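Here the structure comes first, spelled out in structure tokens, and everything after it is commentary.
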Amino acid sequence: MRHLTLLVATAALAACASGPQVADVRPAATTFIAAAWQAPAPQGGDAQDLAQWWSRVDDPVLPALIDAAQSISATLSVASSRIAAARAARVAAGTDVAVQGSASALRGRPDLASPSSNSIGLSAQAQWDLDPFGARRAARQAADARYEGAQDRWHEARINLNAEVATEYLALRACEAQLEQRQTDAASRAETARLIGLTAQAGLASPADAALARASAAQTRSQVVQQATRCQASIKALVALTALEEAALRDRLSPFRARLPQFAPIDLPALPASLLKQRPDLAEAERTLVAAAADEQQARAQRWPQVSISGTLGASRLTTSNVRLEGSTWSLGPVQISLPIFDGGTREAQVGAARAAYDDAVVQYQARVRRAVREVEEALLALDSARQREVDAQVAADGFEQALRATEARHRGGLASLLELEDTRR
């Protein structure tokens, strides 16, 4: 089987155009993905439409429910707050120069021999942290990756929410269709029980047949109640997911009762990597890996000297009854160099911890890729199995219907009993 190498880190995450590539941070981890799906893939659609898959359904209710759920989802709210926190960390990590300003005003008389005076001062202090060994550059790379990872987590939460709403909605429509079938069956069994009861009273059927017919009708009525309860539970679940008023939701649901929505076909690309690139969970795992690699580079760089330059610029004015002085002051420096001499092995331990975190991120990413491939392969198997079983199910349904019609004809001709008809109907 042919394989291709999927590079974990492929995008440049530097804060400026001259920043290093991800490959500069650490050799990219690799994993192998088959060149083609091993399970049969559906055909007939466009892979570019996967992002709008939910809107490509012939049922307007489902997209509306998904939109309502997204607007009130607590999970999406948490994911959004994480994006805001990651954005703030990204801004802080990208700052090399810090400038602070101060202003002062004073009026007073320092002693009895001095006249009263007014003093006004303005100043600005700046500090520039140089980055000769790339520690701050690596910190920016890690912050960028975590910010993008937070966005990927939001998209993953949104997709999971969409799937939950769609699953509950499809379960409701399937439940309604099954409920209609059970109600039809219950009505038929009730009529059969009535007829057999009349036949038993006339002495043409045994009491056992009448009792069996009544039991069958009662059992079916019980199943109708159970099925209706399941449908009501699905509606309650949709109310919780969307926060819509139940009465309004029922009004929306009623026009499409017992109708399973149909989705446009999809065409999966032959190359698994082309589809897996759309999965936000894999993108988030990749960002985590890039951030871990940058953390390791930062830990390594912090073993070397750190350099910073500071400076001040100010203006002041002093006014007394007979003297007025004003002017500016400035200073450049000092240049500060922090040289680690002895730390008891702390920095080396931090490098080792960062390396272990990176190695763990590699393993977690590769595991996610394998799990994603497995999930898609299993979904393709389920689709193919359903497609194959649909043909046989239709043949079986047609055969059962023909048997029922034949038994009904035999019953009308006096060649089959009501019990035979009931057995055939079941």
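Labels for the structure tokens follow display order: chains A, B, ..., residues from 1 in each chain, ligands from 1.
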So which residues of segment 137-376 of chain A fall under strand (DSSP E or B) by DSSP, listed as a PyMOL selection string?
chain A and resi 263+306-320+324-338
Go ahead and save the residues from that selection, with N, CA, C and O atoms, as a short mmCIF file (atom, residue, chain, number, x, y, z; two decimals), in the first residue's frame.
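The resulting result25.cif:
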data_model
loop_
_atom_site.label_atom_id
_atom_site.label_comp_id
_atom_site.auth_asym_id
_atom_site.auth_seq_id
_atom_site.Cartn_x
_atom_site.Cartn_y
_atom_site.Cartn_z
N PHE A 263 -30.01 14.46 2.55
CA PHE A 263 -28.83 15.29 2.36
C PHE A 263 -28.27 15.09 0.96
O PHE A 263 -28.36 14.01 0.39
N GLN A 306 20.40 37.19 28.77
CA GLN A 306 19.28 38.01 28.35
C GLN A 306 19.74 39.47 28.37
O GLN A 306 20.38 39.91 29.33
N VAL A 307 19.43 40.23 27.33
CA VAL A 307 19.92 41.60 27.18
C VAL A 307 18.73 42.55 27.06
O VAL A 307 17.77 42.26 26.33
N SER A 308 18.81 43.69 27.74
CA SER A 308 17.77 44.70 27.64
C SER A 308 18.40 46.09 27.72
O SER A 308 19.46 46.27 28.33
N ILE A 309 17.76 47.06 27.08
CA ILE A 309 18.20 48.45 27.08
C ILE A 309 17.03 49.30 27.56
O ILE A 309 15.89 49.12 27.11
N SER A 310 17.31 50.25 28.43
CA SER A 310 16.26 51.14 28.94
C SER A 310 16.68 52.59 28.71
O SER A 310 17.86 52.89 28.49
N GLY A 311 15.73 53.49 28.76
CA GLY A 311 16.00 54.91 28.58
C GLY A 311 14.83 55.73 29.07
O GLY A 311 13.71 55.22 29.23
N THR A 312 15.09 57.02 29.34
CA THR A 312 14.05 57.92 29.82
C THR A 312 14.15 59.24 29.07
O THR A 312 15.22 59.64 28.59
N LEU A 313 13.02 59.92 28.96
CA LEU A 313 12.94 61.24 28.35
C LEU A 313 11.91 62.02 29.14
O LEU A 313 10.79 61.55 29.36
N GLY A 314 12.32 63.22 29.61
CA GLY A 314 11.41 63.99 30.44
C GLY A 314 11.51 65.48 30.20
O GLY A 314 12.48 65.99 29.62
N ALA A 315 10.49 66.18 30.64
CA ALA A 315 10.46 67.65 30.58
C ALA A 315 9.88 68.15 31.89
O ALA A 315 8.92 67.57 32.43
N SER A 316 10.45 69.24 32.43
CA SER A 316 9.99 69.77 33.72
C SER A 316 10.07 71.29 33.73
O SER A 316 10.81 71.89 32.94
N ARG A 317 9.28 71.86 34.63
CA ARG A 317 9.28 73.31 34.78
C ARG A 317 9.10 73.64 36.25
O ARG A 317 8.22 73.07 36.91
N LEU A 318 9.94 74.58 36.76
CA LEU A 318 9.88 75.02 38.16
C LEU A 318 9.64 76.53 38.16
O LEU A 318 10.40 77.28 37.52
N THR A 319 8.63 76.98 38.87
CA THR A 319 8.28 78.40 38.91
C THR A 319 8.16 78.84 40.36
O THR A 319 7.46 78.20 41.16
N THR A 320 8.88 79.91 40.70
CA THR A 320 8.74 80.55 42.02
C THR A 320 8.36 82.01 41.79
O THR A 320 8.12 82.44 40.65
N ARG A 324 12.11 81.17 37.20
CA ARG A 324 11.39 80.21 36.36
C ARG A 324 12.42 79.39 35.59
O ARG A 324 13.21 79.92 34.83
N LEU A 325 12.40 78.10 35.85
CA LEU A 325 13.33 77.18 35.20
C LEU A 325 12.55 76.10 34.45
O LEU A 325 11.56 75.57 34.97
N GLU A 326 12.97 75.79 33.24
CA GLU A 326 12.34 74.71 32.49
C GLU A 326 13.36 74.10 31.54
O GLU A 326 14.34 74.74 31.15
N GLY A 327 13.15 72.84 31.19
CA GLY A 327 14.09 72.14 30.33
C GLY A 327 13.72 70.67 30.20
O GLY A 327 12.68 70.22 30.70
N SER A 328 14.59 69.93 29.55
CA SER A 328 14.34 68.51 29.32
C SER A 328 15.50 67.69 29.84
O SER A 328 16.64 68.17 29.94
N THR A 329 15.19 66.45 30.16
CA THR A 329 16.20 65.50 30.63
C THR A 329 16.06 64.22 29.85
O THR A 329 14.97 63.88 29.37
N TRP A 330 17.15 63.50 29.69
CA TRP A 330 17.09 62.21 28.99
C TRP A 330 18.25 61.34 29.44
O TRP A 330 19.25 61.82 29.98
N SER A 331 18.05 60.06 29.24
CA SER A 331 19.12 59.11 29.54
C SER A 331 18.93 57.89 28.64
O SER A 331 17.81 57.54 28.27
N LEU A 332 20.02 57.26 28.25
CA LEU A 332 20.00 56.04 27.46
C LEU A 332 20.84 55.01 28.20
O LEU A 332 22.04 55.18 28.38
N GLY A 333 20.18 53.98 28.61
CA GLY A 333 20.86 52.96 29.39
C GLY A 333 20.23 52.85 30.76
O GLY A 333 19.26 53.55 31.08
N PRO A 334 20.68 51.94 31.51
CA PRO A 334 21.83 51.09 31.20
C PRO A 334 21.47 49.91 30.29
O PRO A 334 20.31 49.58 30.13
N VAL A 335 22.51 49.35 29.69
CA VAL A 335 22.37 48.08 28.99
C VAL A 335 22.56 46.97 30.02
O VAL A 335 23.63 46.87 30.63
N GLN A 336 21.51 46.20 30.23
CA GLN A 336 21.55 45.16 31.26
C GLN A 336 21.71 43.79 30.62
O GLN A 336 21.01 43.45 29.68
N ILE A 337 22.65 43.05 31.13
CA ILE A 337 22.89 41.68 30.66
C ILE A 337 22.73 40.74 31.85
O ILE A 337 23.43 40.87 32.86
N SER A 338 21.77 39.84 31.72
CA SER A 338 21.53 38.84 32.77
C SER A 338 22.18 37.54 32.33
O SER A 338 21.77 36.93 31.36
#
Return the single residue from A:Asp111, A:Asp152, A:Asp67, A:Glu378 that is closest to Ser80 of chain A, with distances computed using only C-alpha atoms.
A:Asp152
Can you list, as number ranges by chain, all residues belonging to segment 219-266 of chain A that DSSP tags as helix (DSSP H, G or I)?
A: 219-242, 246-256
Write the residues you've just listed into a file as a compact mmCIF listing (two decimals), in the first residue's frame, and include N, CA and C atoms for each of them.
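Dumped to selection.txt:
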# COMPACT_ATOMS: atom_id res chain seq x y z
N GLN A 219 -50.91 -5.17 23.58
CA GLN A 219 -49.47 -5.04 23.50
C GLN A 219 -49.06 -3.96 22.51
N THR A 220 -49.75 -3.90 21.39
CA THR A 220 -49.42 -2.89 20.39
C THR A 220 -49.75 -1.49 20.89
N ARG A 221 -50.88 -1.34 21.61
CA ARG A 221 -51.19 -0.03 22.17
C ARG A 221 -50.11 0.41 23.15
N SER A 222 -49.57 -0.51 23.93
CA SER A 222 -48.48 -0.19 24.84
C SER A 222 -47.23 0.27 24.10
N GLN A 223 -46.95 -0.38 22.99
CA GLN A 223 -45.80 0.01 22.17
C GLN A 223 -46.00 1.40 21.57
N VAL A 224 -47.26 1.73 21.22
CA VAL A 224 -47.56 3.06 20.71
C VAL A 224 -47.25 4.11 21.76
N VAL A 225 -47.64 3.84 23.00
CA VAL A 225 -47.38 4.80 24.09
C VAL A 225 -45.87 4.96 24.31
N GLN A 226 -45.15 3.85 24.29
CA GLN A 226 -43.70 3.92 24.47
C GLN A 226 -43.05 4.72 23.35
N GLN A 227 -43.48 4.47 22.12
CA GLN A 227 -42.90 5.19 20.98
C GLN A 227 -43.22 6.67 21.05
N ALA A 228 -44.44 7.02 21.42
CA ALA A 228 -44.82 8.43 21.55
C ALA A 228 -43.99 9.12 22.63
N THR A 229 -43.69 8.41 23.71
CA THR A 229 -42.86 8.97 24.78
C THR A 229 -41.44 9.25 24.27
N ARG A 230 -40.92 8.35 23.47
CA ARG A 230 -39.59 8.58 22.90
C ARG A 230 -39.59 9.84 22.03
N CYS A 231 -40.62 10.02 21.24
CA CYS A 231 -40.71 11.20 20.38
C CYS A 231 -40.79 12.48 21.22
N GLN A 232 -41.57 12.44 22.28
CA GLN A 232 -41.68 13.60 23.16
C GLN A 232 -40.34 13.92 23.82
N ALA A 233 -39.59 12.89 24.18
CA ALA A 233 -38.28 13.09 24.79
C ALA A 233 -37.33 13.77 23.80
N SER A 234 -37.41 13.41 22.53
CA SER A 234 -36.56 14.05 21.52
C SER A 234 -36.90 15.53 21.38
N ILE A 235 -38.18 15.85 21.45
CA ILE A 235 -38.59 17.26 21.39
C ILE A 235 -38.05 18.02 22.59
N LYS A 236 -38.14 17.42 23.78
CA LYS A 236 -37.60 18.06 24.98
C LYS A 236 -36.09 18.31 24.83
N ALA A 237 -35.39 17.35 24.23
CA ALA A 237 -33.95 17.51 24.03
C ALA A 237 -33.66 18.67 23.08
N LEU A 238 -34.45 18.80 22.02
CA LEU A 238 -34.25 19.91 21.10
C LEU A 238 -34.57 21.25 21.76
N VAL A 239 -35.53 21.27 22.64
CA VAL A 239 -35.82 22.49 23.39
C VAL A 239 -34.61 22.89 24.23
N ALA A 240 -34.01 21.92 24.91
CA ALA A 240 -32.84 22.21 25.73
C ALA A 240 -31.65 22.67 24.89
N LEU A 241 -31.49 22.09 23.71
CA LEU A 241 -30.34 22.43 22.86
C LEU A 241 -30.50 23.81 22.22
N THR A 242 -31.73 24.20 21.90
CA THR A 242 -31.94 25.44 21.14
C THR A 242 -32.48 26.59 21.97
N GLU A 246 -41.19 25.75 23.61
CA GLU A 246 -41.63 24.45 23.13
C GLU A 246 -42.80 24.56 22.16
N ALA A 247 -43.72 25.46 22.44
CA ALA A 247 -44.87 25.61 21.53
C ALA A 247 -44.40 26.08 20.15
N ALA A 248 -43.47 27.05 20.14
CA ALA A 248 -42.96 27.54 18.86
C ALA A 248 -42.17 26.44 18.14
N LEU A 249 -41.43 25.66 18.89
CA LEU A 249 -40.67 24.57 18.27
C LEU A 249 -41.60 23.54 17.66
N ARG A 250 -42.66 23.19 18.37
CA ARG A 250 -43.62 22.22 17.83
C ARG A 250 -44.27 22.74 16.55
N ASP A 251 -44.52 24.04 16.49
CA ASP A 251 -45.08 24.62 15.27
C ASP A 251 -44.11 24.49 14.10
N ARG A 252 -42.82 24.67 14.39
CA ARG A 252 -41.82 24.52 13.33
C ARG A 252 -41.70 23.07 12.87
N LEU A 253 -41.85 22.15 13.81
CA LEU A 253 -41.65 20.75 13.49
C LEU A 253 -42.83 20.12 12.76
N SER A 254 -44.01 20.62 12.98
CA SER A 254 -45.21 19.95 12.49
C SER A 254 -45.29 19.81 10.97
N PRO A 255 -44.86 20.78 10.14
CA PRO A 255 -45.02 20.59 8.68
C PRO A 255 -44.24 19.42 8.11
N PHE A 256 -43.16 19.02 8.78
CA PHE A 256 -42.32 17.95 8.24
C PHE A 256 -42.37 16.70 9.11
Which residues are near Ala150 of chain A? Cut-off 8 Å, only C-alpha atoms, ignore same chain within fewer than 5 positions. Put them as a PDB file with N, CA, C and O atoms, in the first residue's frame.
ATOM      1  N   ALA A  79     -15.531  28.270  24.635  1.00  0.00           N
ATOM      2  CA  ALA A  79     -14.506  28.283  23.590  1.00  0.00           C
ATOM      3  C   ALA A  79     -14.178  29.709  23.164  1.00  0.00           C
ATOM      4  O   ALA A  79     -13.015  30.031  22.899  1.00  0.00           O
ATOM      5  N   ARG A  82     -11.899  31.311  25.659  1.00  0.00           N
ATOM      6  CA  ARG A  82     -10.535  30.817  25.515  1.00  0.00           C
ATOM      7  C   ARG A  82      -9.816  31.519  24.363  1.00  0.00           C
ATOM      8  O   ARG A  82      -8.621  31.780  24.435  1.00  0.00           O
ATOM      9  N   ILE A  83     -10.556  31.820  23.313  1.00  0.00           N
ATOM     10  CA  ILE A  83      -9.959  32.571  22.203  1.00  0.00           C
ATOM     11  C   ILE A  83      -9.527  33.956  22.683  1.00  0.00           C
ATOM     12  O   ILE A  83      -8.429  34.433  22.353  1.00  0.00           O
ATOM     13  N   ALA A  86      -6.388  33.595  24.778  1.00  0.00           N
ATOM     14  CA  ALA A  86      -5.237  33.296  23.931  1.00  0.00           C
ATOM     15  C   ALA A  86      -4.823  34.515  23.127  1.00  0.00           C
ATOM     16  O   ALA A  86      -3.624  34.736  22.889  1.00  0.00           O
ATOM     17  N   GLU A 284      -6.119  21.572  15.744  1.00  0.00           N
ATOM     18  CA  GLU A 284      -5.792  21.987  17.111  1.00  0.00           C
ATOM     19  C   GLU A 284      -4.645  21.167  17.670  1.00  0.00           C
ATOM     20  O   GLU A 284      -3.758  21.694  18.357  1.00  0.00           O
TER      21      GLU A 284
END
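Using only C-alpha atoms for every distance, the candidate list A:Ala243, A:Arg425, A:Thr184, A:Gln151 yields A:Arg425 as the residue closest to Glu401 of chain A.
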If you count only C-alpha atoms, which residues fall within 12 Å of Pro63 of chain A, apart from same-chain ones fewer than 5 positions away, as a ChimeraX atom specification?
/A:52-58,68-70,162-163,165-166,169,242,252,261,263
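Nearest to Val373 of chain A of all the residues A:Gln302, A:Gln127, A:Gln350, A:Gln38 is A:Gln38, counting only C-alpha atoms.
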With only C-alpha atoms counted and 12 Å as the cut-off, give the residues of segment 292-337 of chain A in contact with segment 360-364 of chain A, each with its shortest interatomic distance in Å and the pair that gives it, as JSON lines.
{"residue": "A:Ala292", "atom": "CA", "partner": "A:Ala361", "partner_atom": "CA", "distance": 7.0}
{"residue": "A:Ala293", "atom": "CA", "partner": "A:Ala361", "partner_atom": "CA", "distance": 8.9}
{"residue": "A:Ala294", "atom": "CA", "partner": "A:Ala361", "partner_atom": "CA", "distance": 12.0}
{"residue": "A:Asp295", "atom": "CA", "partner": "A:Ala361", "partner_atom": "CA", "distance": 11.7}
{"residue": "A:Glu296", "atom": "CA", "partner": "A:Ala361", "partner_atom": "CA", "distance": 11.8}
Would you pick out the contacts of Glu377 of chain A at 10 Å or less, using only C-alpha atoms, so that residues sharing its chain but fewer than 2 positions from it are not included, and give the list as a ChimeraX atom specification?
/A:37-41,272,371-375,379-383
Fewer than 2 positions away in the same chain doesn't count, so skip those; otherwise give me all residues within 12 Å of segment 147-149 of chain A, counting only C-alpha atoms, as a PyMOL selection string.
chain A and resi 11+13+79-91+93+140-145+151-156+280-291
Please write the residues from the selection above to a file, keeping N, CA and C atoms, as a compact mmCIF listing (two decimals), in the first residue's frame.
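Written output follows (again24.txt):
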# COMPACT_ATOMS: atom_id res chain seq x y z
N ALA A 11 3.09 25.43 8.56
CA ALA A 11 2.86 26.86 8.37
C ALA A 11 3.85 27.68 9.18
N LEU A 13 4.71 30.44 11.73
CA LEU A 13 3.96 31.07 12.80
C LEU A 13 4.76 32.21 13.42
N ALA A 79 -15.53 28.27 24.63
CA ALA A 79 -14.51 28.28 23.59
C ALA A 79 -14.18 29.71 23.16
N SER A 80 -15.17 30.58 23.10
CA SER A 80 -14.93 31.98 22.74
C SER A 80 -14.09 32.70 23.79
N SER A 81 -14.36 32.40 25.06
CA SER A 81 -13.55 33.02 26.12
C SER A 81 -12.11 32.55 26.06
N ARG A 82 -11.90 31.31 25.66
CA ARG A 82 -10.54 30.82 25.52
C ARG A 82 -9.82 31.52 24.36
N ILE A 83 -10.56 31.82 23.31
CA ILE A 83 -9.96 32.57 22.20
C ILE A 83 -9.53 33.96 22.68
N ALA A 84 -10.37 34.62 23.48
CA ALA A 84 -10.03 35.95 23.99
C ALA A 84 -8.78 35.89 24.87
N ALA A 85 -8.70 34.87 25.74
CA ALA A 85 -7.53 34.73 26.60
C ALA A 85 -6.28 34.46 25.78
N ALA A 86 -6.39 33.60 24.78
CA ALA A 86 -5.24 33.30 23.93
C ALA A 86 -4.82 34.52 23.13
N ARG A 87 -5.79 35.33 22.70
CA ARG A 87 -5.46 36.55 21.96
C ARG A 87 -4.69 37.52 22.85
N ALA A 88 -5.10 37.65 24.11
CA ALA A 88 -4.39 38.53 25.04
C ALA A 88 -2.96 38.03 25.28
N ALA A 89 -2.81 36.71 25.45
CA ALA A 89 -1.46 36.15 25.64
C ALA A 89 -0.61 36.36 24.40
N ARG A 90 -1.24 36.30 23.24
CA ARG A 90 -0.50 36.50 22.00
C ARG A 90 0.01 37.93 21.91
N VAL A 91 -0.82 38.90 22.28
CA VAL A 91 -0.41 40.30 22.25
C VAL A 91 0.74 40.54 23.23
N ALA A 93 2.91 38.37 24.36
CA ALA A 93 4.14 37.70 23.92
C ALA A 93 4.80 38.42 22.77
N ARG A 140 6.64 34.00 21.06
CA ARG A 140 5.61 34.49 20.14
C ARG A 140 5.06 33.36 19.28
N GLN A 141 5.93 32.47 18.83
CA GLN A 141 5.47 31.34 18.04
C GLN A 141 4.50 30.47 18.85
N ALA A 142 4.84 30.22 20.10
CA ALA A 142 3.96 29.40 20.95
C ALA A 142 2.62 30.09 21.16
N ALA A 143 2.65 31.41 21.40
CA ALA A 143 1.40 32.15 21.62
C ALA A 143 0.55 32.16 20.36
N ASP A 144 1.19 32.34 19.20
CA ASP A 144 0.44 32.31 17.94
C ASP A 144 -0.23 30.94 17.74
N ALA A 145 0.52 29.88 18.00
CA ALA A 145 -0.02 28.54 17.81
C ALA A 145 -1.18 28.28 18.77
N GLN A 151 -8.94 28.84 18.36
CA GLN A 151 -9.93 28.99 17.30
C GLN A 151 -10.37 27.63 16.76
N ASP A 152 -9.40 26.73 16.62
CA ASP A 152 -9.74 25.37 16.15
C ASP A 152 -10.66 24.67 17.14
N ARG A 153 -10.42 24.87 18.44
CA ARG A 153 -11.29 24.24 19.44
C ARG A 153 -12.71 24.79 19.34
N TRP A 154 -12.83 26.09 19.03
CA TRP A 154 -14.17 26.66 18.86
C TRP A 154 -14.88 25.99 17.68
N HIS A 155 -14.16 25.81 16.59
CA HIS A 155 -14.77 25.16 15.43
C HIS A 155 -15.13 23.70 15.75
N GLU A 156 -14.29 23.03 16.50
CA GLU A 156 -14.61 21.65 16.88
C GLU A 156 -15.86 21.60 17.74
N PRO A 280 -11.10 20.21 12.57
CA PRO A 280 -10.50 21.16 13.52
C PRO A 280 -9.79 20.48 14.68
N ASP A 281 -10.20 19.26 15.05
CA ASP A 281 -9.50 18.60 16.16
C ASP A 281 -8.06 18.27 15.77
N LEU A 282 -7.84 17.89 14.50
CA LEU A 282 -6.48 17.63 14.06
C LEU A 282 -5.69 18.92 13.93
N ALA A 283 -6.34 19.98 13.46
CA ALA A 283 -5.66 21.26 13.38
C ALA A 283 -5.25 21.75 14.76
N GLU A 284 -6.12 21.57 15.74
CA GLU A 284 -5.79 21.99 17.11
C GLU A 284 -4.64 21.17 17.67
N ALA A 285 -4.62 19.87 17.38
CA ALA A 285 -3.52 19.02 17.83
C ALA A 285 -2.21 19.45 17.18
N GLU A 286 -2.28 19.85 15.92
CA GLU A 286 -1.07 20.34 15.24
C GLU A 286 -0.57 21.63 15.88
N ARG A 287 -1.50 22.55 16.20
CA ARG A 287 -1.09 23.79 16.87
C ARG A 287 -0.47 23.50 18.23
N THR A 288 -1.03 22.54 18.95
CA THR A 288 -0.45 22.17 20.24
C THR A 288 0.97 21.66 20.07
N LEU A 289 1.20 20.91 19.03
CA LEU A 289 2.54 20.39 18.76
C LEU A 289 3.51 21.53 18.43
N VAL A 290 3.07 22.48 17.60
CA VAL A 290 3.92 23.61 17.27
C VAL A 290 4.23 24.43 18.52
N ALA A 291 3.22 24.66 19.38
CA ALA A 291 3.45 25.41 20.60
C ALA A 291 4.44 24.69 21.52
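Residue nearest Arg136 of chain A, chosen from A:Asp423, A:Glu390, A:Asp96, A:Glu168 and counting only C-alpha atoms: A:Asp96.
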